[in-house]
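Colleague: Hey, dropping work.csv in here, CSV, C-alpha atoms:
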chain,number,residue,atom,x,y,z
A,1,MET,CA,113.1,107.1,63.0
A,2,GLU,CA,110.8,105.1,65.3
A,3,GLN,CA,112.0,102.0,67.0
A,4,ALA,CA,110.3,98.7,66.4
A,5,LEU,CA,108.3,97.4,69.3
A,6,LEU,CA,109.5,94.0,70.3
A,7,ASP,CA,107.3,91.2,71.8
A,8,GLU,CA,110.3,89.4,73.1
A,9,ILE,CA,113.9,90.1,73.7
A,10,PRO,CA,116.4,89.2,70.8
A,11,SER,CA,118.4,86.0,71.0
A,12,LEU,CA,122.1,86.0,70.0
A,13,ASP,CA,124.9,83.5,70.0
A,14,LEU,CA,128.2,84.7,71.6
A,15,ALA,CA,130.0,82.1,69.5
A,16,ASP,CA,129.4,84.4,66.5
A,17,PHE,CA,131.6,87.0,68.2
A,18,THR,CA,134.4,84.7,69.3
A,19,SER,CA,134.4,82.5,66.1
A,20,GLY,CA,137.3,84.2,64.4
A,21,ASP,CA,135.0,84.9,61.4
A,22,PRO,CA,135.0,88.7,60.8
A,23,GLU,CA,131.6,88.7,59.2
A,24,ARG,CA,130.0,86.8,62.1
A,25,LYS,CA,131.7,89.0,64.6
A,26,ALA,CA,130.6,92.2,62.9
A,27,LYS,CA,127.0,90.9,62.7
A,28,PHE,CA,127.0,90.1,66.4
A,29,VAL,CA,128.3,93.6,67.2
A,30,GLN,CA,125.5,95.3,65.2
A,31,GLU,CA,122.8,93.0,66.6
A,32,ILE,CA,123.7,93.4,70.3
A,33,GLY,CA,124.0,97.2,69.7
A,34,LYS,CA,120.7,97.4,68.0
A,35,ALA,CA,119.0,95.4,70.8
A,36,PHE,CA,120.6,97.5,73.5
A,37,ASN,CA,119.6,100.7,71.6
A,38,ASN,CA,116.0,99.4,71.6
A,39,ILE,CA,114.9,97.3,74.6
A,40,GLY,CA,118.2,97.0,76.5
A,41,PHE,CA,118.0,93.2,76.9
A,42,VAL,CA,119.2,90.2,74.9
A,43,ALA,CA,119.3,86.4,75.5
A,44,ILE,CA,122.7,84.8,74.8
A,45,LYS,CA,123.8,81.2,74.3
A,46,ASN,CA,127.4,79.8,74.4
A,47,HIS,CA,128.1,82.0,77.4
A,48,GLY,CA,130.5,79.7,79.2
A,49,LEU,CA,128.3,78.6,82.1
A,50,SER,CA,127.7,74.8,82.0
A,51,GLU,CA,124.4,73.4,83.0
A,52,GLU,CA,126.2,71.2,85.6
A,53,LEU,CA,127.7,74.3,87.3
A,54,ARG,CA,124.4,76.2,87.2
A,55,GLY,CA,122.6,73.3,88.8
A,56,LYS,CA,125.2,72.9,91.6
A,57,LEU,CA,125.1,76.6,92.3
A,58,TYR,CA,121.3,76.7,92.6
A,59,GLU,CA,121.3,73.6,94.8
A,60,THR,CA,123.9,75.2,97.1
A,61,VAL,CA,122.2,78.6,97.3
A,62,GLN,CA,118.9,77.0,98.1
A,63,LYS,CA,120.5,75.1,101.0
A,64,PHE,CA,121.6,78.4,102.5
A,65,PHE,CA,118.3,80.2,102.1
A,66,TYR,CA,116.3,77.3,103.6
A,67,GLN,CA,118.3,77.7,106.9
A,68,PRO,CA,116.5,79.5,109.8
A,69,ASP,CA,116.6,83.3,109.7
A,70,GLU,CA,118.6,83.4,112.9
A,71,LEU,CA,121.4,81.5,111.2
A,72,LYS,CA,121.3,83.6,108.1
A,73,LYS,CA,121.6,86.8,110.1
A,74,LYS,CA,125.0,85.6,111.4
A,75,TYR,CA,126.2,86.6,107.9
A,76,GLU,CA,124.5,90.1,107.8
A,77,PHE,CA,126.9,93.0,108.3
A,78,PRO,CA,125.2,96.4,108.0
A,79,GLU,CA,128.6,98.1,108.0
A,80,LEU,CA,129.3,96.5,104.6
A,81,ALA,CA,126.3,98.5,103.1
A,82,GLY,CA,124.8,95.3,101.7
A,83,GLN,CA,127.9,94.7,99.4
A,84,ARG,CA,129.0,91.4,100.9
A,85,GLY,CA,127.2,88.6,102.8
A,86,TYR,CA,123.5,88.3,103.6
A,87,VAL,CA,120.9,91.0,103.3
A,88,GLY,CA,117.7,90.1,105.1
A,89,LYS,CA,114.0,90.5,104.3
A,90,GLY,CA,112.6,94.0,104.0
A,91,LYS,CA,116.0,95.7,103.7
A,92,GLU,CA,116.0,96.9,100.0
A,93,THR,CA,113.5,99.3,98.6
A,94,ALA,CA,113.6,100.1,94.9
A,95,LYS,CA,114.3,103.8,94.0
A,96,GLY,CA,111.1,105.7,94.0
A,97,HIS,CA,109.1,103.1,95.9
A,98,SER,CA,107.9,103.0,99.5
A,99,ARG,CA,107.5,99.3,100.1
A,100,PRO,CA,110.6,97.0,100.5
A,101,ASP,CA,110.9,94.2,98.0
A,102,LEU,CA,109.8,90.7,99.0
A,103,LYS,CA,113.2,89.1,98.9
A,104,GLU,CA,116.4,88.3,100.7
A,105,PHE,CA,119.8,87.9,99.1
A,106,TYR,CA,123.5,87.1,99.5
A,107,HIS,CA,126.4,89.1,97.8
A,108,ILE,CA,129.7,87.7,96.6
A,109,GLY,CA,132.4,90.1,95.3
A,110,GLN,CA,135.9,89.8,93.9
A,111,PRO,CA,137.6,86.6,95.1
A,112,GLU,CA,140.8,88.6,95.7
A,113,ALA,CA,139.8,91.9,97.2
A,114,GLU,CA,141.9,95.0,96.2
A,115,GLY,CA,142.5,98.2,98.0
A,116,ASP,CA,139.4,99.4,100.0
A,117,MET,CA,137.3,96.6,98.6
A,118,TYR,CA,135.3,94.5,101.1
A,119,THR,CA,136.4,90.9,101.5
A,120,ASN,CA,133.9,88.1,101.0
A,121,VAL,CA,132.1,86.2,103.8
A,122,PHE,CA,130.8,82.7,103.3
A,123,PRO,CA,128.4,80.6,105.4
A,124,ALA,CA,130.3,77.8,107.2
A,125,GLU,CA,127.1,75.8,107.4
A,126,VAL,CA,127.0,75.3,103.5
A,127,PRO,CA,130.5,74.1,102.7
A,128,GLN,CA,130.1,74.2,98.9
A,129,PHE,CA,128.8,77.8,98.8
A,130,GLU,CA,132.2,79.4,98.4
A,131,LYS,CA,133.3,77.0,95.7
A,132,TYR,CA,130.4,77.3,93.4
A,133,THR,CA,129.7,81.0,93.8
A,134,THR,CA,133.3,81.8,93.2
A,135,GLU,CA,133.5,79.6,90.1
A,136,VAL,CA,130.4,81.2,88.6
A,137,TYR,CA,131.7,84.7,89.6
A,138,ARG,CA,134.9,84.1,87.5
A,139,THR,CA,133.0,82.6,84.6
A,140,PHE,CA,130.6,85.5,84.4
A,141,GLU,CA,133.3,88.1,84.8
A,142,ASN,CA,135.1,86.6,81.7
A,143,THR,CA,131.8,86.5,79.8
A,144,GLY,CA,131.0,90.0,80.7
A,145,LYS,CA,134.4,91.2,79.5
A,146,THR,CA,133.8,89.5,76.1
A,147,LEU,CA,130.4,91.2,75.8
A,148,LEU,CA,131.9,94.6,76.7
A,149,ARG,CA,134.4,94.1,73.8
A,150,ALA,CA,131.4,93.8,71.4
A,151,ILE,CA,129.8,96.8,73.0
A,152,ALA,CA,132.9,98.9,72.6
A,153,LEU,CA,133.1,98.1,68.9
A,154,TYR,CA,129.5,99.0,68.4
A,155,LEU,CA,130.2,102.4,70.0
A,156,GLY,CA,133.2,103.0,67.7
A,157,LEU,CA,135.7,102.6,70.5
A,158,SER,CA,138.8,100.3,70.6
A,159,GLU,CA,137.8,96.7,71.4
A,160,ASP,CA,139.7,96.8,74.7
A,161,TYR,CA,138.2,100.1,75.8
A,162,PHE,CA,136.5,98.6,78.9
A,163,GLU,CA,139.2,96.2,79.9
A,164,ALA,CA,141.1,98.4,82.3
A,165,LYS,CA,137.9,99.9,83.6
A,166,VAL,CA,136.5,96.6,84.8
A,167,LYS,CA,139.7,94.7,85.7
A,168,GLY,CA,139.4,93.9,89.4
A,169,GLY,CA,136.2,96.0,89.5
A,170,ASP,CA,133.8,95.6,92.3
A,171,SER,CA,131.3,93.4,90.5
A,172,ILE,CA,128.7,91.5,92.5
A,173,LEU,CA,127.2,88.0,92.2
A,174,ARG,CA,123.8,88.2,93.9
A,175,ALA,CA,122.0,85.0,95.0
A,176,LEU,CA,118.4,86.0,95.4
A,177,HIS,CA,115.5,84.3,97.2
A,178,TYR,CA,112.0,85.5,96.7
A,179,PHE,CA,110.6,83.9,99.7
A,180,PRO,CA,107.1,82.2,99.9
A,181,ILE,CA,104.2,84.5,100.6
A,182,GLU,CA,102.4,82.5,103.3
A,183,ASN,CA,99.5,84.9,103.8
A,184,PRO,CA,98.7,86.8,100.6
A,185,ASP,CA,95.9,88.7,102.3
A,186,ALA,CA,98.3,90.2,104.8
A,187,LEU,CA,100.6,91.7,102.0
A,188,PRO,CA,100.8,95.5,102.2
A,189,GLU,CA,99.4,97.2,99.1
A,190,GLY,CA,102.0,97.6,96.5
A,191,ALA,CA,104.5,95.0,97.9
A,192,VAL,CA,106.1,93.0,95.1
A,193,ARG,CA,109.0,90.6,94.7
A,194,ALA,CA,111.1,93.3,92.9
A,195,ALA,CA,109.6,96.7,92.2
A,196,ALA,CA,110.3,98.4,88.9
A,197,HIS,CA,113.9,99.4,88.7
A,198,GLY,CA,117.0,99.8,86.6
A,199,ASP,CA,120.3,98.1,87.5
A,200,ILE,CA,123.2,100.3,88.8
A,201,ASN,CA,126.1,98.7,87.0
A,202,LEU,CA,127.5,98.5,83.4
A,203,ILE,CA,125.8,95.2,82.3
A,204,THR,CA,124.0,92.5,84.2
A,205,LEU,CA,124.3,88.7,83.4
A,206,LEU,CA,121.4,86.6,84.6
A,207,MET,CA,121.1,82.9,84.5
A,208,GLY,CA,117.7,81.3,84.1
A,209,ALA,CA,115.6,81.7,87.3
A,210,SER,CA,113.8,78.9,89.0
A,211,ALA,CA,110.4,80.4,88.1
A,212,GLU,CA,108.7,83.0,85.9
A,213,GLY,CA,108.1,86.6,87.0
A,214,LEU,CA,110.7,88.8,85.3
A,215,GLU,CA,109.1,91.5,83.1
A,216,VAL,CA,110.7,94.3,81.0
A,217,LEU,CA,109.1,97.7,80.2
A,218,ARG,CA,108.9,98.2,76.4
A,219,LEU,CA,109.3,101.6,74.7
A,220,ASP,CA,105.6,102.0,74.5
A,221,GLY,CA,105.0,101.4,78.2
A,222,LYS,CA,103.9,97.8,77.9
A,223,TRP,CA,105.4,95.1,80.2
A,224,ILE,CA,106.6,92.0,78.4
A,225,PRO,CA,107.7,88.7,80.1
A,226,VAL,CA,111.3,87.5,79.8
A,227,THR,CA,112.3,83.9,80.2
A,228,ALA,CA,115.6,82.4,79.3
A,229,LEU,CA,115.7,79.1,77.4
A,230,PRO,CA,117.7,76.4,79.2
A,231,ASP,CA,120.9,77.2,77.2
A,232,GLN,CA,120.7,80.9,77.5
A,233,ILE,CA,121.5,83.7,79.9
A,234,ILE,CA,119.9,87.2,79.9
A,235,ILE,CA,122.1,90.3,79.4
A,236,ASN,CA,120.9,93.8,80.1
A,237,VAL,CA,122.3,97.3,80.1
A,238,GLY,CA,122.8,99.0,83.5
A,239,ASP,CA,122.6,102.6,84.5
A,240,MET,CA,126.4,103.2,84.3
A,241,LEU,CA,126.5,102.2,80.7
A,242,ASP,CA,123.3,104.2,80.0
A,243,ARG,CA,125.1,107.3,81.5
A,244,LEU,CA,128.3,106.7,79.6
A,245,THR,CA,126.4,106.4,76.3
A,246,ASN,CA,124.0,109.2,77.0
A,247,HIS,CA,121.0,106.8,76.8
A,248,LYS,CA,122.1,105.4,73.4
A,249,LEU,CA,122.3,102.0,75.1
A,250,LYS,CA,119.3,101.8,77.3
A,251,SER,CA,119.0,100.7,80.9
A,252,THR,CA,115.5,99.4,80.7
A,253,ILE,CA,113.2,99.3,83.7
A,254,HIS,CA,112.3,95.8,84.8
A,255,ARG,CA,110.5,94.1,87.7
A,256,VAL,CA,109.7,90.7,89.2
A,257,VAL,CA,106.0,90.4,89.7
A,258,ASN,CA,104.3,88.3,92.4
A,259,PRO,CA,103.2,84.8,91.2
A,260,PRO,CA,99.5,83.9,90.8
A,261,ARG,CA,97.8,83.4,94.1
A,262,GLU,CA,98.0,79.6,93.9
A,263,LYS,CA,101.8,79.8,93.6
A,264,MET,CA,102.4,82.4,96.3
A,265,LYS,CA,103.6,79.9,98.8
A,266,THR,CA,106.5,78.8,96.6
A,267,SER,CA,110.0,80.2,96.5
A,268,ARG,CA,111.7,81.8,93.5
A,269,PHE,CA,115.5,81.8,93.1
A,270,SER,CA,117.5,84.0,90.8
A,271,ILE,CA,121.2,84.7,90.4
A,272,PRO,CA,122.3,87.8,88.5
A,273,PHE,CA,125.9,89.0,88.1
A,274,PHE,CA,126.3,92.8,88.2
A,275,MET,CA,129.4,93.9,86.3
A,276,HIS,CA,130.8,97.1,87.7
A,277,ALA,CA,133.4,99.5,86.6
A,278,ARG,CA,136.3,100.4,88.9
A,279,PRO,CA,135.3,103.2,91.3
A,280,GLU,CA,137.6,105.8,89.6
A,281,THR,CA,136.0,105.2,86.1
A,282,ASP,CA,134.7,108.4,84.5
A,283,LEU,CA,131.1,108.0,83.4
A,284,THR,CA,131.1,111.3,81.5
A,285,CYS,CA,128.9,110.9,78.4
A,286,LEU,CA,130.9,109.9,75.4
A,287,ASN,CA,131.1,112.8,72.9
A,288,SER,CA,130.1,110.4,70.1
A,289,CYS,CA,126.8,109.8,71.8
A,290,ILE,CA,125.9,113.5,72.1
A,291,ASP,CA,124.3,115.4,69.2
A,292,ALA,CA,121.5,117.9,68.5
A,293,ASN,CA,118.9,115.2,68.7
A,294,ASN,CA,120.3,113.6,71.8
A,295,PRO,CA,121.8,116.4,74.0
A,296,ARG,CA,123.7,115.5,77.2
A,297,ARG,CA,121.4,114.0,79.7
A,298,TYR,CA,123.6,113.4,82.7
A,299,GLU,CA,126.0,115.2,85.0
A,300,ASN,CA,129.6,114.0,85.2
A,301,MET,CA,130.2,111.4,87.9
A,302,THR,CA,132.6,108.6,88.6
A,303,ALA,CA,131.4,105.0,88.9
A,304,GLY,CA,132.2,105.1,92.7
A,305,GLU,CA,130.2,108.3,93.2
A,306,PHE,CA,127.2,106.9,91.3
A,307,LEU,CA,127.3,103.6,93.2
A,308,ASP,CA,127.4,105.5,96.5
A,309,GLU,CA,124.4,107.6,95.5
A,310,ARG,CA,122.3,104.6,94.5
A,311,LEU,CA,123.1,102.6,97.6
A,312,ARG,CA,121.8,105.4,99.7
A,313,GLU,CA,118.7,105.7,97.6
A,314,LEU,CA,118.1,101.9,98.1
A,315,GLY,CA,118.4,102.2,101.8
A,316,LEU,CA,121.5,99.9,102.0
A,317,LYS,CA,123.9,102.7,103.0
A,318,LYS,CA,123.2,105.5,105.5
How would this structure read if it were set down as structure tokens?

Modeller:
Amino acid sequence: MEQALLDEIPSLDLADFTSGDPERKAKFVQEIGKAFNNIGFVAIKNHGLSEELRGKLYETVQKFFYQPDELKKKYEFPELAGQRGYVGKGKETAKGHSRPDLKEFYHIGQPEAEGDMYTNVFPAEVPQFEKYTTEVYRTFENTGKTLLRAIALYLGLSEDYFEAKVKGGDSILRALHYFPIENPDALPEGAVRAAAHGDINLITLLMGASAEGLEVLRLDGKWIPVTALPDQIIINVGDMLDRLTNHKLKSTIHRVVNPPREKMKTSRFSIPFFMHARPETDLTCLNSCIDANNPRRYENMTAGEFLDERLRELGLKK
């Protein structure tokens, strides 16, 4: 049966899932599953992030990125493989591409690091940075767990299937700055803000960005723009969930295009939360997602092995 081609990503209300009404909950489960089976993206409202907190986070993040490059580099530690602290311009290249993305970013991980996990580093020059990034990290981690409960039910698994797999997982909050392009004529051919890619993790939660530019690749190969309404966040499937479900839930390729020439000298800020499974989590395709029409696509790997492989492909780990 052919999938419908969507002109925009579906919009859902997380309150339907948490309402206590079995019918509303079941409807939400089917709708998010259907969307992830088709385009891999949804827009969600009632996600738990207040507009006040979102505004304070963006204000604080912008203060850091507007600092001189010399100061920002104080918080860049190559030995952390880009998993904590600042990652400078020209450091990340999307898988399969030769030009680095036109961006810089800052990574925040678990507030309480466990085992071999890296600890967070925060810029002393922006005192509120730790407070607001940590608060949003905890908010999105809780929202992500709720969404994974719905996904588990859609897959015919127990509702708490993902709980132990993500508890204390090495999820990442990424504060992104797509810096101004001061001289568009000097741009190398093919250099874009974020080249076409799929996310590594289970699911990504993305609050509304400061400017347009995000596009998603539809089933027929057409790129469609994605913009969250003020009360929504964007959720998408990552490669780990795609592997686990044998591509039943689709990690859809997406990109951030360069702005029109007249807007190239402006910044774009974006803050995604990449929800990761614990490193020992087995990503072997679920038997229920394998059949004659959809044979096994992926080799068996743990989440840790897959993350290591991708970080090397991105040039963040040697």

Colleague: Given the choices A:Ala195, A:Ala186, A:Ile39, A:Leu229, which gets closest to Lys95 (chain A) if the distance is worked out from only C-alpha atoms?

Modeller: A:Ala195

Colleague: Figure out the distance between CA of Tyr154 (chain A) and CA of Thr245 (chain A), please, to one decimal in Å.

Modeller: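 Straight-line distance from CA of Thr245 (chain A) to CA of Tyr154 (chain A) works out to 11.3 Å.
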
Colleague: Mind dumping a table of every region 81-200 of chain A residue within 7 Å of region 246-253 of chain A, with the nearest atom pair and its distance in Å to one decimal, using only C-alpha atoms, sorted by chain and rising number, as JSON lines?

Modeller:
{"residue": "A:Ala196", "atom": "CA", "partner": "A:Ile253", "partner_atom": "CA", "distance": 6.0}
{"residue": "A:His197", "atom": "CA", "partner": "A:Ile253", "partner_atom": "CA", "distance": 5.0}
{"residue": "A:Gly198", "atom": "CA", "partner": "A:Ile253", "partner_atom": "CA", "distance": 4.8}

Colleague: What's the 10 Å shell around region 131-145 of chain A, counting all atoms listed in the file, without same-chain residues fewer than 4 positions away, as a PyMOL selection string?

Modeller: chain A and resi 14+46-50+53-61+107-111+122+127+149-151+160+162-163+166-169+171-175+202-207+235+271-276

Colleague: Neighbours of region 260-267 of chain A within 8 Å (all atoms listed in the file; same-chain residues fewer than 3 positions away dropped), as a PyMOL selection string?

Modeller: chain A and resi 177-182+184

Colleague: Calculated over all atoms listed in the file, which of the candidates A:Glu8, A:Asp16, A:Ser98, A:Leu316 has the smallest distance to Glu189 (chain A)?

Modeller: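 The answer is A:Ser98, which sits nearest to Glu189 (chain A).
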
Colleague: Between CA of Lys222 (chain A) and CA of Arg297 (chain A), what is the distance, to one decimal in Å?

Modeller: 23.9 Å

Colleague: Near Thr302 (chain A), counting only C-alpha atoms, which residues have an atom at most 8 Å away, once you skip same-chain residues fewer than 4 positions from it, shown as an NGL selection string?

Modeller: :A and (279-284 or 306)

Colleague: Could you give me, as an MDAnalysis selection string, the residues that have an atom at most 12 Å away from the point (120.2, 85.0, 72.9) in the coordinates of the file, using all atoms listed in the file?

Modeller: chainID A and resid 8:16 28 31:32 35 41:47 205:207 226:236

Colleague: Between CA of Glu51 (chain A) and CA of Tyr66 (chain A), what distance in Å does the model show, to one decimal?

Modeller: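 Interatomic distance here is 22.5 Å.
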
Colleague: Taking (113.8, 93.1, 100.1) as a centre in this file's frame and 12 Å as the limit, can you find every polymer residue with an atom that close, using all atoms listed in the file, and give them as a ChimeraX atom specification?

Modeller: /A:82,86-94,97-106,176-179,191-195,256,314-316

Colleague: For each of A:Cys289, A:Asp239, A:Gly213, A:Val126, take the minimum atom-to-atom distance to Asp199 (chain A), counting all atoms listed in the file, then give the residue where this is smallest.

Modeller: A:Asp239

Colleague: Which one of A:Pro188, A:Ala113, A:Asp69, A:Ser288 sits closest to Leu157 (chain A) if you count all atoms listed in the file?

Modeller: A:Ser288

Colleague: My list of candidates is A:Gln83, A:Gln67, A:Gln3, A:Asn38. Which is closest to Leu217 (chain A) when distances are computed with all atoms listed in the file?

Modeller: A:Asn38
